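Trainee: There's a structure below that I have some questions on.
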Amino acid sequence: MSLVCAICNEVPEHPCISPVSNHVFERRLIEKYIAENGTDPMNGQPLSEEQLVDIKVTHPIRPKAPSATSIPAILKSLQDEWDAVMLHSFTLRQQLQTTRQELSHALYQHDAACRVIARLNKEVTAAREALATLKPQAGLVAPQAVPASQQAAAGAGGEPMEISEQVGMTPEIIQKLQDKATILTTERKKRGKTVPEDLVRAEDLSKYRQVASHAGLHSASIPGILSLDVCPSDTNKVLTGGADKNVVVFDKNEEQIVATLKGHAKKVTSVIYHPSQSVVFSASPDATIRVWSVTGGNCIQVVRAHEAGVTGLSLHATGDYLLSSSEDQYWAFSDIQTGRVLTKVTDESAGCALTCAQFHPDGLIFGTGTADSQIKIWDLKERTNVANFPGHSGPVTSIAFSENGYYLATGAQDSSVKLWDLRKLKNFKTITLDNNYEVKSLVFDQSGTYLAVGGSDIRIYICKQWSEVLNFTDHTGLVTGVAFGENAKFLTSAGMDRSLRFYSL
């Protein structure tokens, strides 16, 4: 009896029969077919390997093909196979060449598209800058602030109107900034180099110890306080921003929370207390800046000045304008009364995210830190970069101007704090910290006598000598914010261990 496989029409080496179609198959071939299709190849009915029935026969001897019975015939068969292989190889090479040409064309198109996109992005950036710096001209109507009634009706649940268009730096605003700078400069000259009589002396400051610790201000489920500020007019009021997306106002004397402000969609990384109003400001990686009423406990304004996370916040000396920096590489100058962005500028040559921002005490210049270790000084009226301070070797994490306006302290992820002389535009002192020390916060006291450094621990330096007078290691996590009380009569700090701590005699 001669069995023939229904698939290959040859004598099977391991014959088996399908009970579904009653056909004989080579087991190797039918198993592969079932694995791919799950059916009988003859009638399409479902079939599994377990259903196959082996046929026990003596080892089959395959008949020789009639054309392979002589050496010349075998040679011709091999020649035919070789020719077929060569033809197939030629076909594959042709297909490869065609594919290469198509790929080359696609890459060319992609490159051309990238160039067009880059050009369009550049044109959009230029247009935005032109719009931001455009001044109202004769016959043009200046943009009006949104009426309070419209703001109230803008969103359900009292959510304020979100305003982001740029108005421009009008001559009135520039004059206002100039007048304030003149007043501040005059006051500073009157004070001269005299130190406030009530300022705590260095020998007393060195005796400071922790006097209070509060760990219940922010949620324990997402631990960490990321930012800190003290109210300038009432240093008993302390403001914190947490990883739990909340802003908290805390009363130091009463030891209780005054207000918990909720609204950010992500963690709060920057907070500022207004010096004369019951208003606070906060910024977040959710790309928003929020203005809060402490007495009302609600958000009264949302400023959308950026398209990426806001990394820095600073209040102008007038108390009417906010400076912000962002991962979108722009800094923005906004009016807190209307929530409108007055101007928004980037350094196109740098092309790097901004990590922090701080106004100079006079308010006409300010500094920004970048992710590529640069400190840039900007002229606010002209909106131009007037000086650069290279020197750090990691992203800049914090900057602070001294009260007299002469010095700038900067910290970065290179375990160092650098002091710069703004009159000579040079680095005159570098405080090298321990290896892997993380600098997160820098702040001068109101008299410019002491400099506090927060990060892996807390260190206080006396200015001019730049010697360390105090060191606190009470926090169990990174210190993210430090601040002085009035005349340095107390020091407060916040950190990733979720605690707010106070230090004094």
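Residue numbers start at 1 in each chain; chains themselves are named A, B, ... in the order of the structure tokens; ligands are numbered from 1 in the order shown.
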Using only C-alpha atoms, which residues sit within 12 Å of Asn43 of chain A once same-chain residues fewer than 6 positions away are excluded, as an MDAnalysis selection string?

Mentor: chainID A and resid 6 18:23

Trainee: Give me the residues within 10 Å of segment 31-33 of chain A as a ChimeraX atom specification, counting only C-alpha atoms and dropping any in the same chain fewer than 5 places off.

Mentor: /A:7,25-26,38-41,47-50,52

Trainee: At a cut-off of 10 Å, using only C-alpha atoms, what residues contact Glu382 of chain A? Leave out same-chain residues fewer than 6 positions from it and give the result as a PDB file with C-alpha atoms, in the first residue's frame.

Mentor:
```
ATOM      1  CA  THR A 133       6.799  94.512  23.137  1.00  0.00           C
ATOM      2  CA  MET A 169       5.051  97.399  28.585  1.00  0.00           C
ATOM      3  CA  ILE A 174       7.895 101.756  32.750  1.00  0.00           C
ATOM      4  CA  LEU A 364      14.755  97.406  37.234  1.00  0.00           C
ATOM      5  CA  ILE A 365      16.941  94.348  36.718  1.00  0.00           C
TER       6      ILE A 365
END
```

Trainee: Name the residues in contact with His392 of chain A at a cut-off of 9 Å, using only C-alpha atoms, excluding same-chain residues fewer than 6 positions from it; report them as an mmCIF file with N, CA, C and O atoms, in the first residue's frame.

Mentor:
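Below you can see out34.cif, which holds the result:
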```
data_model
loop_
_atom_site.group_PDB
_atom_site.id
_atom_site.type_symbol
_atom_site.label_atom_id
_atom_site.label_comp_id
_atom_site.auth_asym_id
_atom_site.auth_seq_id
_atom_site.Cartn_x
_atom_site.Cartn_y
_atom_site.Cartn_z
ATOM 1 N N ASP A 372 21.405 74.891 32.176
ATOM 2 C CA ASP A 372 22.765 74.621 31.708
ATOM 3 C C ASP A 372 23.796 75.445 32.478
ATOM 4 O O ASP A 372 24.832 75.824 31.944
ATOM 5 N N SER A 373 23.478 75.740 33.762
ATOM 6 C CA SER A 373 24.404 76.324 34.743
ATOM 7 C C SER A 373 24.732 77.795 34.522
ATOM 8 O O SER A 373 25.706 78.293 35.070
ATOM 9 N N GLN A 374 23.936 78.521 33.752
ATOM 10 C CA GLN A 374 24.172 79.950 33.509
ATOM 11 C C GLN A 374 23.289 80.807 34.423
ATOM 12 O O GLN A 374 22.163 80.437 34.743
ATOM 13 N N ILE A 375 23.834 81.950 34.844
ATOM 14 C CA ILE A 375 23.034 82.973 35.520
ATOM 15 C C ILE A 375 22.976 84.168 34.579
ATOM 16 O O ILE A 375 24.019 84.667 34.137
ATOM 17 N N THR A 410 24.361 82.624 44.287
ATOM 18 C CA THR A 410 23.769 81.605 43.409
ATOM 19 C C THR A 410 24.169 80.212 43.885
ATOM 20 O O THR A 410 25.289 79.996 44.354
ATOM 21 N N GLY A 411 23.246 79.289 43.764
ATOM 22 C CA GLY A 411 23.511 77.890 44.113
ATOM 23 C C GLY A 411 23.119 76.990 42.962
ATOM 24 O O GLY A 411 22.190 77.290 42.205
ATOM 25 N N ALA A 412 23.840 75.882 42.821
ATOM 26 C CA ALA A 412 23.569 74.959 41.720
ATOM 27 C C ALA A 412 23.843 73.529 42.189
ATOM 28 O O ALA A 412 24.290 73.292 43.318
ATOM 29 N N GLN A 413 23.580 72.599 41.277
ATOM 30 C CA GLN A 413 23.790 71.189 41.601
ATOM 31 C C GLN A 413 25.260 70.799 41.430
ATOM 32 O O GLN A 413 25.577 69.788 40.820
ATOM 33 N N ASP A 414 26.147 71.635 41.958
ATOM 34 C CA ASP A 414 27.572 71.302 41.945
ATOM 35 C C ASP A 414 28.164 71.451 43.342
ATOM 36 O O ASP A 414 29.375 71.606 43.504
ATOM 37 N N SER A 416 28.059 73.896 45.528
ATOM 38 C CA SER A 416 28.760 75.145 45.815
ATOM 39 C C SER A 416 27.793 76.320 45.783
ATOM 40 O O SER A 416 26.737 76.254 45.142
ATOM 41 N N VAL A 417 28.183 77.381 46.500
ATOM 42 C CA VAL A 417 27.462 78.654 46.463
ATOM 43 C C VAL A 417 28.455 79.706 45.996
ATOM 44 O O VAL A 417 29.557 79.829 46.551
ATOM 45 N N LYS A 418 28.089 80.446 44.961
ATOM 46 C CA LYS A 418 28.972 81.473 44.416
ATOM 47 C C LYS A 418 28.417 82.859 44.726
ATOM 48 O O LYS A 418 27.194 83.075 44.630
#
```

Trainee: Write out as a ChimeraX atom specification which residues come within 10 Å of Lys267 of chain A when counting only C-alpha atoms, dropping same-chain ones fewer than 5 positions away.

Mentor: /A:222,224-226,241-247,283-286

Trainee: Determine, counting only C-alpha atoms, which protein, DNA and RNA residues have an atom within 12 Å of an atom of Val443 of chain A; residues of the same chain fewer than 5 positions away are not included. Present the result as a ChimeraX atom specification.

Mentor: /A:228-230,358,398-403,407-411,417,448-454,458-461,463,480-485,488,491-493

Trainee: Please determine, counting only C-alpha atoms, which residue among A:Ile74, A:Cys16, A:Phe472, A:Ser326 has the shortest atom-to-atom distance to Gln51 of chain A.

Mentor: A:Cys16

Trainee: Please provide as an mmCIF file with C-alpha atoms, in the first residue's frame all residues within 6 Å of Trp378 of chain A, with the sequence filter that same-chain residues fewer than 3 positions apart are discarded (counting only C-alpha atoms).

Mentor:
```cif
data_model
loop_
_atom_site.group_PDB
_atom_site.id
_atom_site.type_symbol
_atom_site.label_atom_id
_atom_site.label_comp_id
_atom_site.auth_asym_id
_atom_site.auth_seq_id
_atom_site.Cartn_x
_atom_site.Cartn_y
_atom_site.Cartn_z
ATOM 1 C CA ILE A 365 16.941 94.348 36.718
ATOM 2 C CA PHE A 366 16.504 90.726 37.682
ATOM 3 C CA THR A 384 17.376 92.479 27.142
ATOM 4 C CA ASN A 385 20.040 90.212 28.595
ATOM 5 C CA VAL A 386 22.727 92.590 29.945
#
```

Trainee: Under the rule that only C-alpha atoms are counted, which of A:Ala118, A:Leu500, A:Tyr330, A:Gln301 is the nearest residue to Ile257 of chain A?

Mentor: A:Leu500

Trainee: Based on the backbone DSSP call, show me all residues of segment 281-497 of chain A assigned strand (DSSP E), as a PyMOL selection string.

Mentor: chain A and resi 281-283+289-293+298-303+310-315+321-326+330-335+341-346+354-359+365-370+375-379+384-389+396-401+407-412+416-421+426-432+439-444+450-455+458-462+467-472+479-484+491-495
